[in-house]
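Have a look at input_25.txt below; it lists compact mmCIF, C-alpha atoms.
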```
# COMPACT_ATOMS: atom_id res chain seq x y z
CA MET A 1 -9.38 12.16 -33.42
CA ALA A 2 -10.55 14.87 -31.02
CA TYR A 3 -12.23 12.27 -28.79
CA LEU A 4 -9.05 10.21 -28.65
CA LYS A 5 -7.05 13.32 -27.81
CA LEU A 6 -9.53 14.04 -25.01
CA LEU A 7 -8.34 10.84 -23.27
CA ARG A 8 -4.68 11.96 -23.42
CA PRO A 9 -3.34 8.51 -24.38
CA LYS A 10 0.24 9.81 -24.37
CA ASP A 11 -0.08 10.35 -20.61
CA TRP A 12 -0.95 6.68 -20.10
CA ALA A 13 2.82 6.11 -20.11
CA LYS A 14 2.76 7.25 -16.47
CA ASN A 15 0.77 4.13 -15.66
CA LEU A 16 3.71 1.96 -16.71
CA PHE A 17 4.86 2.55 -13.14
CA LEU A 18 2.52 -0.31 -12.25
CA PHE A 19 5.12 -2.67 -13.73
CA ILE A 20 7.94 -1.42 -11.50
CA PRO A 21 7.26 -3.94 -8.68
CA LEU A 22 7.51 -6.76 -11.24
CA PHE A 23 10.84 -5.45 -12.51
CA PHE A 24 12.49 -4.96 -9.13
CA GLY A 25 10.89 -8.13 -7.78
CA ARG A 26 12.41 -10.05 -10.71
CA GLU A 27 8.96 -11.22 -11.81
CA ILE A 28 8.87 -9.27 -15.06
CA PHE A 29 8.88 -12.51 -17.11
CA ASN A 30 6.11 -14.12 -15.07
CA ILE A 31 3.40 -14.16 -17.75
CA ASP A 32 0.45 -14.58 -15.36
CA LYS A 33 1.49 -11.64 -13.20
CA LEU A 34 2.39 -9.60 -16.28
CA ILE A 35 -1.10 -10.10 -17.73
CA GLY A 36 -2.69 -9.19 -14.40
CA VAL A 37 -0.73 -5.94 -14.17
CA PHE A 38 -1.59 -5.19 -17.81
CA TYR A 39 -5.29 -5.30 -16.90
CA GLY A 40 -4.46 -3.00 -13.99
CA PHE A 41 -2.76 -0.69 -16.47
CA ILE A 42 -5.97 -0.51 -18.50
CA ALA A 43 -8.04 0.21 -15.36
CA PHE A 44 -5.64 2.94 -14.22
CA SER A 45 -5.61 4.47 -17.70
CA CYS A 46 -9.41 4.64 -17.75
CA ILE A 47 -9.57 6.36 -14.35
CA ALA A 48 -6.69 8.68 -15.23
CA SER A 49 -8.43 9.71 -18.46
CA SER A 50 -11.64 10.41 -16.54
CA ILE A 51 -9.65 12.73 -14.25
CA TYR A 52 -8.10 14.44 -17.27
CA ILE A 53 -11.57 15.07 -18.68
CA ILE A 54 -12.84 16.52 -15.39
CA ASN A 55 -9.76 18.70 -15.16
CA ASP A 56 -10.06 19.90 -18.76
CA TYR A 57 -13.77 20.57 -18.27
CA ARG A 58 -13.10 22.82 -15.29
CA ASP A 59 -10.05 24.52 -16.79
CA ARG A 60 -11.26 24.99 -20.35
CA GLU A 61 -11.43 28.78 -20.01
CA ASP A 62 -7.94 29.06 -18.51
CA ASP A 63 -6.54 26.57 -21.03
CA ARG A 64 -7.54 28.88 -23.86
CA LYS A 65 -4.90 31.32 -22.59
CA HIS A 66 -2.15 28.70 -22.67
CA PRO A 67 -0.01 28.39 -25.86
CA VAL A 68 -0.21 24.57 -25.81
CA LYS A 69 -3.25 23.68 -23.69
CA CYS A 70 -5.48 25.82 -25.91
CA LYS A 71 -5.37 22.94 -28.40
CA ARG A 72 -7.06 20.53 -25.98
CA PRO A 73 -10.48 19.39 -27.32
CA LEU A 74 -12.63 21.11 -24.69
CA ALA A 75 -10.63 24.34 -24.81
CA ALA A 76 -10.62 24.31 -28.62
CA GLY A 77 -14.32 23.44 -28.80
CA THR A 78 -13.84 20.27 -30.89
CA VAL A 79 -15.64 18.22 -28.19
CA THR A 80 -18.75 19.43 -26.40
CA PRO A 81 -18.82 19.47 -22.57
CA ALA A 82 -21.82 17.11 -22.51
CA ALA A 83 -20.07 14.52 -24.69
CA ALA A 84 -16.90 14.80 -22.58
CA LEU A 85 -18.80 14.18 -19.33
CA ALA A 86 -20.60 11.19 -20.84
CA ILE A 87 -17.29 9.66 -21.87
CA CYS A 88 -15.95 10.38 -18.38
CA GLY A 89 -18.81 8.40 -16.83
CA LEU A 90 -18.19 5.41 -19.13
CA LEU A 91 -14.48 5.44 -18.28
CA LEU A 92 -15.25 5.42 -14.56
CA LEU A 93 -17.53 2.41 -14.93
CA LEU A 94 -15.01 0.54 -17.06
CA GLY A 95 -12.00 1.39 -14.88
CA PHE A 96 -13.59 0.49 -11.54
CA GLY A 97 -15.25 -2.56 -13.07
CA ILE A 98 -11.92 -3.96 -14.23
CA ALA A 99 -10.34 -3.12 -10.86
CA TRP A 100 -13.10 -4.96 -8.98
CA TRP A 101 -12.65 -7.97 -11.28
CA ILE A 102 -8.87 -8.01 -10.67
CA ARG A 103 -8.82 -7.71 -6.87
CA ASP A 104 -10.68 -5.80 -4.16
CA LYS A 105 -7.46 -4.34 -2.71
CA PHE A 106 -6.53 -2.97 -6.13
CA LEU A 107 -9.99 -1.41 -6.35
CA PHE A 108 -9.28 0.27 -3.00
CA VAL A 109 -5.93 1.68 -4.25
CA LEU A 110 -7.55 2.91 -7.46
CA ALA A 111 -10.39 4.52 -5.52
CA ILE A 112 -7.88 6.42 -3.35
CA TYR A 113 -6.12 7.58 -6.51
CA PHE A 114 -9.39 8.80 -7.99
CA ILE A 115 -10.52 10.62 -4.82
CA ILE A 116 -7.16 12.37 -4.34
CA ASN A 117 -6.98 13.45 -7.97
CA LEU A 118 -10.62 14.51 -8.01
CA ALA A 119 -9.90 16.73 -5.00
CA TYR A 120 -6.84 17.99 -6.87
CA SER A 121 -8.93 18.92 -9.92
CA LEU A 122 -11.67 20.52 -7.80
CA GLY A 123 -9.35 22.89 -5.94
CA LEU A 124 -6.28 21.43 -4.25
CA LYS A 125 -4.18 22.11 -7.35
CA SER A 126 -4.48 25.81 -6.50
CA ILE A 127 -2.47 25.33 -3.29
CA PRO A 128 1.29 25.69 -3.86
CA ILE A 129 3.51 22.81 -2.68
CA LEU A 130 0.44 20.64 -1.96
CA ASP A 131 -0.19 20.38 -5.70
CA ILE A 132 3.29 18.91 -6.19
CA MET A 133 2.84 16.49 -3.30
CA ILE A 134 -0.45 15.17 -4.72
CA LEU A 135 1.10 14.56 -8.13
CA ALA A 136 3.93 12.61 -6.50
CA ILE A 137 1.52 10.56 -4.37
CA GLY A 138 -0.23 9.55 -7.58
CA PHE A 139 2.93 7.81 -8.80
CA VAL A 140 3.37 6.04 -5.46
CA LEU A 141 -0.20 4.75 -5.72
CA ARG A 142 0.61 3.42 -9.19
CA ILE A 143 3.46 1.24 -7.94
CA LYS A 144 1.33 0.24 -4.95
CA GLY A 145 -1.36 -0.88 -7.36
CA GLY A 146 1.15 -2.97 -9.31
CA SER A 147 2.36 -4.51 -6.06
CA VAL A 148 -1.17 -5.41 -4.94
CA ILE A 149 -2.02 -7.05 -8.28
CA SER A 150 1.20 -9.06 -8.58
CA PHE A 151 1.58 -9.90 -4.87
CA VAL A 152 5.14 -8.55 -5.04
CA PRO A 153 6.03 -6.63 -1.85
CA LEU A 154 7.43 -3.12 -2.26
CA SER A 155 10.75 -2.05 -0.81
CA GLU A 156 10.61 1.20 1.15
CA TRP A 157 13.50 2.35 -1.03
CA ILE A 158 11.45 1.98 -4.21
CA ILE A 159 8.60 3.99 -2.69
CA ILE A 160 11.02 6.73 -1.61
CA MET A 161 12.77 6.87 -5.00
CA VAL A 162 9.52 6.99 -7.00
CA PHE A 163 8.12 9.71 -4.74
CA LEU A 164 11.27 11.85 -4.96
CA LEU A 165 11.54 11.43 -8.73
CA ALA A 166 7.90 12.45 -9.17
CA VAL A 167 8.42 15.51 -6.95
CA PHE A 168 11.51 16.42 -8.98
CA MET A 169 9.63 16.25 -12.29
CA ALA A 170 6.62 18.14 -10.89
CA ILE A 171 8.87 20.98 -9.76
CA GLY A 172 10.30 21.10 -13.28
CA LYS A 173 6.78 21.46 -14.69
CA ARG A 174 5.96 24.27 -12.27
CA ARG A 175 9.18 26.02 -13.29
CA ASP A 176 8.06 25.86 -16.92
CA ASP A 177 4.72 27.43 -15.93
CA VAL A 178 6.54 30.25 -14.14
CA LEU A 179 8.66 30.90 -17.24
CA LEU A 180 5.49 31.04 -19.34
CA LYS A 181 3.99 33.50 -16.87
CA LEU A 182 7.07 35.72 -17.08
CA SER A 183 7.01 35.68 -20.89
CA SER A 184 3.24 36.07 -21.38
CA GLY A 185 2.17 37.83 -18.19
CA ALA A 186 -0.72 35.38 -17.71
CA ASP A 187 -1.11 32.85 -14.87
CA MET A 188 -1.37 29.39 -16.43
CA ARG A 189 -2.59 27.89 -13.14
CA LYS A 190 -3.67 29.41 -9.82
CA SER A 191 -0.92 27.78 -7.76
CA ILE A 192 1.73 29.60 -9.80
CA LYS A 193 1.13 32.69 -7.64
CA GLY A 194 2.89 30.82 -4.83
CA TYR A 195 5.98 30.03 -6.90
CA ASN A 196 8.89 32.00 -8.33
CA LEU A 197 12.07 31.02 -10.15
CA GLU A 198 14.28 31.45 -7.09
CA LEU A 199 12.15 29.13 -4.98
CA LEU A 200 11.81 26.50 -7.70
CA ASN A 201 15.54 26.54 -8.46
CA VAL A 202 16.27 25.94 -4.77
CA LEU A 203 13.66 23.14 -4.62
CA LEU A 204 15.14 21.50 -7.71
CA ALA A 205 18.64 21.55 -6.22
CA LEU A 206 17.36 20.24 -2.89
CA VAL A 207 15.33 17.35 -4.31
CA CYS A 208 18.07 16.54 -6.83
CA ALA A 209 20.61 16.11 -4.03
CA VAL A 210 18.21 13.98 -1.96
CA ILE A 211 17.48 11.71 -4.95
CA VAL A 212 21.18 11.05 -5.60
CA VAL A 213 21.92 10.32 -1.93
CA ALA A 214 18.83 8.11 -1.58
CA TYR A 215 19.82 6.10 -4.66
CA PHE A 216 23.35 5.62 -3.35
CA MET A 217 21.92 4.38 -0.05
CA TYR A 218 19.51 2.08 -1.89
CA THR A 219 22.27 0.44 -3.95
CA MET A 220 24.38 -0.21 -0.85
CA SER A 221 21.62 -1.31 1.53
CA PRO A 222 21.91 -4.93 2.78
CA GLU A 223 18.42 -5.73 1.45
CA THR A 224 19.35 -4.61 -2.07
CA VAL A 225 22.67 -6.46 -2.02
CA LEU A 226 20.86 -9.63 -0.95
CA ASN A 227 18.11 -9.32 -3.57
CA MET A 228 20.43 -8.42 -6.45
CA GLY A 229 23.24 -10.75 -5.44
CA THR A 230 25.93 -8.12 -5.98
CA THR A 231 27.68 -5.32 -4.11
CA ARG A 232 28.44 -3.41 -7.32
CA LEU A 233 25.02 -1.96 -8.04
CA TYR A 234 26.34 1.44 -6.97
CA TYR A 235 28.08 1.65 -10.36
CA THR A 236 24.65 2.48 -11.83
CA CYS A 237 24.64 5.74 -9.88
CA ILE A 238 26.49 7.35 -12.76
CA PHE A 239 23.45 6.80 -15.00
CA VAL A 240 21.07 8.23 -12.41
CA LEU A 241 23.27 11.29 -11.96
CA ALA A 242 23.65 11.75 -15.73
CA GLY A 243 19.88 11.45 -16.21
CA ILE A 244 19.14 14.06 -13.58
CA MET A 245 21.76 16.43 -14.97
CA ARG A 246 20.32 16.01 -18.47
CA TYR A 247 16.80 16.76 -17.20
CA LEU A 248 18.09 19.89 -15.48
CA GLN A 249 19.81 20.91 -18.69
CA ILE A 250 16.58 20.50 -20.67
CA ILE A 251 14.43 22.55 -18.28
```
As C-alpha cells:
Amino acid sequence: MAYLKLLRPKDWAKNLFLFIPLFFGREIFNIDKLIGVFYGFIAFSCIASSIYIINDYRDREDDRKHPVKCKRPLAAGTVTPAAALAICGLLLLLGFGIAWWIRDKFLFVLAIYFIINLAYSLGLKSIPILDIMILAIGFVLRIKGGSVISFVPLSEWIIIMVFLLAVFMAIGKRRDDVLLKLSSGADMRKSIKGYNLELLNVLLALVCAVIVVAYFMYTMSPETVLNMGTTRLYYTCIFVLAGIMRYLQII
C-alpha cells in the first residue's frame, strides 16, 4: 500500500487534461483516438509519478513538519529512499518508452514536461510566482500532448483557459500554505516566504476576473460559434462563474 501511495495515483486525475482536445474537437467518441490518448495518459502518469518521487525524496525532511504531507511514504519512513529511486527509474523507462511508441512529437512534449518539472523539484519551486507559472505550464503541456496524439488542433482559447484555470488553482494552494504557516509558524515550502494573504487575495481576484472575461470572449468568438454551431454557448458562463465562486468559498 505504501508503494502505491508513493506514486500518488489520485493525482493522475490531472492527466485527464490530455482528453480535452478530443472533447472540444468533438472526437471524444472516436475509439482509435481515444485509445491512443489513453496510452498517452499512462505515459504521462508514469512520468508524473517519477517527478512526485523525486520531489518527495528531496522534501522528505520538510514534509515531516507538514500536518498532511508527513504521511507520505518517504516522510513517514514506510518506503526507503533506495527503493523509491529504483521505482522512479522504472517509471521513467516505462513512461518514455510508451511515449516513443505512440509518436515522436508526443515524446518531445513529455520530455519538456519532465525537464521543466525536474527543474521545479530541484529548485525553481523556491522562487515565488515562477513556481505557480511552472505548475500552470504543466497543464498546458498535458493538453498539448493530447492534441499531438489525436491530431486534433488546439484553439488558442483552450490553451488560455487551461493556463488561467491552472494558475487560479495554484494560487489557491499557495494561499492554503500561507494559512498553515500562520497557524503553525513553520514554512511548508521555501517559496511561501514570497507570499502573504494580501498578495494572494489580490492575485485570486485578478485571475478570477480574467478567467470569466476570457471565457465570455471564447463563447462569443466567431471560431467557437462556427465549431459549435450555436451563438448561445455564452449561457454556460453561469456555470463557470458559479464554479469559480464555489472554489473561492471553499478556500
For this session: Calculate how many Å separate CA of Lys71 in chain A from CA of Ile42 in chain A, rounding to one decimal.
Result: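 Value for the CA of Lys71 in chain A-CA of Ile42 in chain A distance: 25.5 Å.
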For this session: Tell me, as a list in words, which residues lie within 12 Å of Gly243 in chain A, counting only C-alpha atoms; anything in the same chain fewer than 6 positions away does not count.
Result: Leu165, Met169, Cys208, Ile211, Val212, Thr236, Cys237, Gln249 and Ile250 of chain A
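Proximity ranking of A:Leu233, A:Ala75, A:Ile158, A:Leu92 relative to Leu107 in chain A places A:Leu92 first, based on only C-alpha atoms.
Of the residues listed (A:Arg64, A:Arg58, A:Arg142, A:Lys105), A:Arg142 shows the shortest atom-to-atom separation from Trp12 in chain A; distances use all atoms listed in the file.
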Problem set entry | Selected residue of minimal separation from Val79 in chain A among A:Leu154, A:Ala2, A:Phe139, A:Glu61, counting all atoms listed in the file |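 Of A:Leu154, A:Ala2, A:Phe139, A:Glu61, the one nearest Val79 in chain A, counting all atoms listed in the file, is A:Ala2.
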